[in-house]
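J.: The structure that follows is given in the form of C-alpha cells.
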Amino acid sequence: MTAPRVALLGMILESNRFAKPAGEDDFRSLTWLSGEDLLDAARAKTTALAAEFAAFVRTMDATGDWHPVPCTLAASHPAGPVERAVFEEICNSIEHQLAGHGPFDAVYICNHGAMVAEHSHDPDGDLMQRVRESVGADPLILCTLDLHANISSRMVEACDLVIGYRTNPHVDMIERGEEAAFSLRRCLASGQRPRTALVKPPIAPASVTLLTAEAPYGDLINYGQQRQAESAGEILNVSVFGNFIFSDTPDNGLAVVVSAREDGQAARDLATEIGKRAWNQRAGFVRNLTQVDQAVAMAADTDRPPVIFSDAGDNPGGGGSGRTTELLGALHRGGVESVLYGSFFDPDLAAEAHALGVGASFTARFNRKAGGRVWEKWDLPFEARATVLSLHDGNVVGEKGITAGRRLHLGPCAALELDGIRVVVISDRAQTADPVFFHMLGLNVGDARTVVVKSRGHFRAGFRKWFAPEQVFEIDTAGLTSPVLERWPFEHLPRPSYPLDPDMVWDEAEHR
C-alpha cells in the first residue's frame with residue numbers, strides 16, 4: 001500500500017448563543033495556522049494546539065509512511081456565535097487548500113462540535129459537508145469532537161468515523177487523537193468503510209450533570225465501552241455526546257454515535273440500546289447547586305476541611321466573560337479570609353498592577369469599562385483596596401488536568417491581596433482549570449482554606465490533588481453559564497426535551 005495522503009484541518013469553537021460573537025481576533029489569539037507552520041506546531045515538543053490534533057499527527061508519524069497535507073486549523077476560546085465573515089474565510093481557505101492539493105486518501109477534521117454561527121445553527125455540519133463535497137465520495141473522513149458536541153445528522157453523514165472524548169473533565173484528548181490515527185490506519189489497510197448510526201434520546205442536560213466520574217453520564221460511557229469490548233471486534237467506536245446546552249440549537253441533546261466495521265445494523269442496535277439506557281436514567285441529569293450565601297458562610301467557617309468553589313455561572317470555558325463579581329463581592333463583604341480566587345479577566349486592572357509594581361497599594365477597580373451589551377449584564381463594577389503581591393507575563397505550561405503540558409498565553413497577570421482574599425487577574429480570558437494559574441504567581445493552593453475558580457468542571461482534574469469530590473461545591477451564581485436552565489430564553493432547542501419538559505415521553509423510533 002502506498003503512503004496515504006491525509007488532509008489535516010479543523011475549526012474549534014464551543015459557542016454560547018448568549019455570549020459575545022467570536023471574531024477573527026478570537027481565533028488569531030489562540031490558533032490560526034496553515035501549511036508547514038501547522039505541521040511544525042503539531043510536532044513541537046510543547047504545543048499550544050489542540051492535544052488531539054498533535055497526537056494524531058505524532059501517531060501517524062510513528063506508525064508508518066504518510067503524506068500529511070496540512071490545510072488550516074483555527075481555534076478560539078469558547079465564545080458566542082462565530083461571525084459569518086470569519087467562518088466563510090476559514091472555510092474558503094480550507095476548500096481552496098483541498099482543491100489545490102488533492103487527491104486524498106483521507107481527511108482528519110479536528111473540531112469541537114458545538115459551534116454556532118451568525119447564519120447557521122450547524123456550522124460544524126456545514127464545514128464537514130463542504131469538505132466532503134471538496135474531496136468527493138472516496139476519501140475517508142474522520143473527526144474528533146469534544147463530548148459536549150451537538151451532533152447533527154449532517155455531521156454523521158459527512159464523516160465516516162466520529163470519535164468523541166470519553167472524559168469530563170477532558171483529559172483523554174491525546175488518546176482520542178491516537179485512536180483516530182490507529183483507526184485510519186486500520187481502515188485503509190483493510191479497505192473497510194465504517195457504518196455509523198446516530199440515536200438521540202430527547203435529553204438536553206446542563207454541563208454540570210455531565211461528569212464522567214459519576215452516573216448517569218459516566219455510566220453510559222462506561223457501558224458503551226463494555227458493549228464495544230463484547231462485540232468481538234465488530235464495533236469500531238462508541239461515543240456518547242452530552243451536548244452543550246447554551247448553544248441553543250435544534251441539534252442539542254444527548255447523542256449516541258456508534259460505528260461498526262461493516263455491520264450497520266449492529267451499530268444501530270447498540271446505539272438504540274444505549275439511548276434507551278440513557279432515557280431510563282434521565283432523572284440523574286438534574287443537579288442541585290449551593291447558594292451564594294451558603295458559600296460565604298462555609299468560607300467563613302474555619303472549622304472544616306479546605307473546599308473549592310466553582311463560580312458556575314461564569315465559566316470562560318463555556319463562553320462566560322470571566323468578569324462577574326457576584327461571588328467575589330459577597331466573599332469580600334463577608335470578611336472571609338484565606339481565600340484564593342482565580343481568575344478574573346481584566347486586562348486594564350492587570351496593566352495597572354504591572355505599572356504600580358509589587359508591594360504597591362491602590363484601589364482595585366474591577367470592570368472599570370463595564371459595558372451595556374446583553375452579554376455584559378453580569379459584569380458589574382467592584383472596588384476594593386488592594387496590594388500587588390506578585391506579577392507574571394502569563395506565558396506558562398499547564399501542570400495538571402485539561403491543560404497539562406500545553407503552552408498557555410495568559411497575557412500580563414497579577415496577584416492582588418484584598419483583605420484576606422488573593423485574586424488572580426489575567427489578560428486573556430480562560431477558565432481556571434489548572435493550578436498553574438495560582439502557582440505562577442507564587443500562590444500555594446495547598447495553603448488556602450477556600451479556593452474559588454471560574455470554571456465549571458475541568459478544574460476537578462487540575463485540583464484533584466487537594467480536593468476530593470466531597471470538598472467541591474458548585475455555586476449558583478449568575479452569568480452566561482448559569483446551569484439553571486429555566487432562567488434562559490431558549491428559542492431553538494428541540495422540544496419537548498428533558499429536563500425542561502419533565503413529563504414528556506419518548507418513542508426511540510422517532511429519534512434514530
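All residue names refer to the C-alpha cells as shown: chains lettered A, B, ... in order, residues numbered from 1 in each chain, ligands numbered from 1 in order.
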As a PyMOL selection string, please: the residues near Ala260 of chain A (cut-off 9 Å, only C-alpha atoms, same-chain neighbours under 2 positions excluded).
T.: chain A and resi 193-197+233-238+258+262-267
J.: Write out as a list in words the residues lying within 9 Å of segment 294-296 of chain A, counting only C-alpha atoms and excluding same-chain residues fewer than 4 positions away.
T.: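 The neighbour list is Thr290, Ala300, Asp301, Phe309, Leu327, Ala330, Leu331, Gly334, Val336, Phe473 and Ile475 of chain A.
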J.: In segment 223-378 of chain A, what's strand (DSSP E) per DSSP? Answer as a PyMOL selection string?
T.: chain A and resi 235-241+255-260+307-311+339-345+361-366
J.: So that I can see what lies close to segment 34-45 of chain A, please list as a list in words the residues with an atom at most 9 Å from it, counting only C-alpha atoms and leaving out residues fewer than 5 positions away in the same chain.
T.: Leu8, Leu9, Ala50, Ala51, Phe53, Ala54, Ala55, Phe56, Val57, Arg58, Pro68, Val69, Pro70, Cys71, Thr72, Leu73 and Ala74 of chain A
J.: Keeping only N, CA and C atoms, write those residues as a short mmCIF file (atom, residue, chain, number, x, y, z; two decimals), in the first residue's frame.
T.:
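Listed below is the output, selection.cif:
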```cif
data_model
loop_
_atom_site.label_atom_id
_atom_site.label_comp_id
_atom_site.auth_asym_id
_atom_site.auth_seq_id
_atom_site.Cartn_x
_atom_site.Cartn_y
_atom_site.Cartn_z
N LEU A 8 -5.29 17.64 6.76
CA LEU A 8 -5.43 17.97 8.17
C LEU A 8 -6.08 19.33 8.31
N LEU A 9 -7.16 19.42 9.06
CA LEU A 9 -7.85 20.70 9.15
C LEU A 9 -8.79 20.70 10.35
N ALA A 50 -4.62 22.08 19.89
CA ALA A 50 -5.49 21.06 20.48
C ALA A 50 -4.70 19.76 20.60
N ALA A 51 -4.75 19.14 21.77
CA ALA A 51 -3.91 17.97 22.04
C ALA A 51 -4.22 16.81 21.12
N PHE A 53 -5.20 16.94 18.00
CA PHE A 53 -4.64 17.19 16.68
C PHE A 53 -3.16 16.83 16.67
N ALA A 54 -2.42 17.31 17.66
CA ALA A 54 -1.00 16.99 17.74
C ALA A 54 -0.79 15.49 17.90
N ALA A 55 -1.64 14.83 18.70
CA ALA A 55 -1.50 13.39 18.91
C ALA A 55 -1.76 12.62 17.63
N PHE A 56 -2.72 13.06 16.83
CA PHE A 56 -2.99 12.39 15.55
C PHE A 56 -1.76 12.46 14.66
N VAL A 57 -1.18 13.63 14.54
CA VAL A 57 -0.01 13.79 13.68
C VAL A 57 1.15 12.94 14.18
N ARG A 58 1.42 12.98 15.46
CA ARG A 58 2.55 12.24 16.02
C ARG A 58 2.34 10.72 15.88
N PRO A 68 1.27 13.90 4.99
CA PRO A 68 0.33 14.85 5.58
C PRO A 68 0.19 16.09 4.70
N VAL A 69 -1.01 16.58 4.56
CA VAL A 69 -1.30 17.79 3.81
C VAL A 69 -1.97 18.76 4.78
N PRO A 70 -1.18 19.57 5.48
CA PRO A 70 -1.75 20.48 6.47
C PRO A 70 -2.48 21.64 5.80
N CYS A 71 -3.75 21.74 6.05
CA CYS A 71 -4.56 22.84 5.50
C CYS A 71 -4.61 23.96 6.53
N THR A 72 -5.74 24.17 7.18
CA THR A 72 -5.86 25.22 8.20
C THR A 72 -6.51 24.64 9.45
N LEU A 73 -5.94 24.99 10.60
CA LEU A 73 -6.57 24.72 11.88
C LEU A 73 -6.77 26.05 12.58
N ALA A 74 -8.02 26.37 12.88
CA ALA A 74 -8.35 27.61 13.60
C ALA A 74 -9.08 27.23 14.88
#
```
J.: To test your reading of the structure, identify every residue in segment 143-333 of chain A that backbone DSSP assigns to alpha helix (DSSP H), and report it as a ChimeraX atom specification.
T.: /A:153-158,173-190,217-229,264-280,292-300,326-333
J.: Would you save the residues from that selection as a compact mmCIF listing (two decimals), in the first residue's frame, using C-alpha atoms?
T.:
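Okay, result19.txt is ready:
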```
# COMPACT_ATOMS: atom_id res chain seq x y z
CA SER A 153 -27.24 14.11 11.14
CA ARG A 154 -25.24 16.13 8.59
CA MET A 155 -22.08 15.70 10.64
CA VAL A 156 -22.55 11.92 10.80
CA GLU A 157 -23.45 11.68 7.12
CA ALA A 158 -20.37 13.65 6.02
CA MET A 173 -7.60 14.18 24.12
CA ILE A 174 -4.24 12.57 23.36
CA GLU A 175 -5.80 9.10 23.44
CA ARG A 176 -8.60 10.17 21.11
CA GLY A 177 -6.12 11.61 18.62
CA GLU A 178 -4.17 8.37 18.79
CA GLU A 179 -7.37 6.37 18.34
CA ALA A 180 -8.22 8.38 15.25
CA ALA A 181 -4.81 7.64 13.72
CA PHE A 182 -4.94 3.94 14.58
CA SER A 183 -8.49 3.66 13.21
CA LEU A 184 -7.49 5.37 9.99
CA ARG A 185 -4.53 3.02 9.52
CA ARG A 186 -6.82 0.05 10.16
CA CYS A 187 -9.50 1.20 7.73
CA LEU A 188 -7.01 2.00 4.98
CA ALA A 189 -5.22 -1.34 5.39
CA SER A 190 -8.44 -3.40 5.44
CA TYR A 217 -23.31 10.09 32.16
CA GLY A 218 -20.22 8.21 33.27
CA ASP A 219 -22.28 5.03 33.40
CA LEU A 220 -23.39 5.50 29.79
CA ILE A 221 -19.85 5.99 28.53
CA ASN A 222 -18.53 3.04 30.51
CA TYR A 223 -21.41 0.87 29.34
CA GLY A 224 -20.66 1.79 25.74
CA GLN A 225 -17.03 0.75 26.14
CA GLN A 226 -18.09 -2.52 27.77
CA ARG A 227 -20.51 -3.32 24.95
CA GLN A 228 -17.87 -2.46 22.35
CA ALA A 229 -15.45 -4.85 24.03
CA GLY A 264 -24.64 -1.17 10.05
CA GLN A 265 -27.47 -2.98 11.85
CA ALA A 266 -25.15 -3.84 14.73
CA ALA A 267 -24.28 -0.15 15.05
CA ARG A 268 -27.96 0.86 15.05
CA ASP A 269 -28.91 -1.78 17.60
CA LEU A 270 -26.17 -0.77 20.04
CA ALA A 271 -26.87 2.94 19.64
CA THR A 272 -30.54 2.30 20.40
CA GLU A 273 -29.66 0.16 23.40
CA ILE A 274 -27.50 2.90 24.91
CA GLY A 275 -30.10 5.54 24.08
CA LYS A 276 -32.77 3.59 25.98
CA ARG A 277 -30.40 3.21 28.91
CA ALA A 278 -29.89 6.98 28.96
CA TRP A 279 -33.63 7.62 28.89
CA ASN A 280 -34.20 5.24 31.80
CA VAL A 292 -24.10 32.23 47.33
CA ASP A 293 -25.00 32.97 50.96
CA GLN A 294 -24.32 29.34 51.86
CA ALA A 295 -20.94 29.57 50.13
CA VAL A 296 -19.99 32.69 52.10
CA ALA A 297 -21.00 31.04 55.38
CA MET A 298 -18.99 27.94 54.51
CA ALA A 299 -15.94 30.01 53.58
CA ALA A 300 -16.18 31.93 56.87
CA GLU A 326 -21.16 38.50 42.40
CA LEU A 327 -19.24 35.85 44.33
CA LEU A 328 -16.09 37.93 44.82
CA GLY A 329 -18.15 40.81 46.19
CA ALA A 330 -20.11 38.56 48.52
CA LEU A 331 -16.95 36.97 49.95
CA HIS A 332 -15.35 40.39 50.45
CA ARG A 333 -18.41 41.81 52.18
```
J.: Which residues are close to Arg449 of chain A, i.e. within 12 Å by only C-alpha atoms, leaving aside same-chain residues fewer than 3 positions away? Reply as a CSV table (one decimal) with C-alpha atoms, in the first residue's frame.
T.:
```
chain,number,residue,atom,x,y,z
A,298,MET,CA,-19.0,27.9,54.5
A,299,ALA,CA,-15.9,30.0,53.6
A,300,ALA,CA,-16.2,31.9,56.9
A,301,ASP,CA,-16.2,28.7,58.9
A,302,THR,CA,-12.6,27.8,59.7
A,303,ASP,CA,-13.5,24.5,61.5
A,304,ARG,CA,-13.8,22.4,58.3
A,305,PRO,CA,-11.6,20.8,55.7
A,306,PRO,CA,-10.4,23.0,52.7
A,307,VAL,CA,-13.0,23.5,50.0
A,308,ILE,CA,-13.1,24.6,46.4
A,309,PHE,CA,-16.0,26.5,44.8
A,336,VAL,CA,-13.8,36.0,54.6
A,337,GLU,CA,-10.0,35.3,54.7
A,338,SER,CA,-7.6,32.6,53.4
A,339,VAL,CA,-9.2,32.6,50.0
A,340,LEU,CA,-7.6,32.1,46.6
A,341,TYR,CA,-9.8,33.5,43.8
A,420,GLY,CA,-7.6,38.1,53.0
A,421,ILE,CA,-8.8,37.3,49.5
A,422,ARG,CA,-6.0,36.8,47.0
A,444,ASN,CA,0.1,27.9,47.1
A,445,VAL,CA,-3.2,26.1,46.6
A,446,GLY,CA,-2.4,23.8,49.5
A,452,VAL,CA,-12.7,29.8,44.1
A,466,TRP,CA,-6.0,18.9,47.1
A,467,PHE,CA,-9.8,18.4,46.9
A,471,GLN,CA,-14.8,19.1,49.0
```
J.: Calculate how many Å separate atom CA of Val116 of chain A from atom CA of Arg17 of chain A, rounding to one decimal.
T.: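 Result for atom CA of Val116 of chain A versus atom CA of Arg17 of chain A: 7.2 Å, one decimal.
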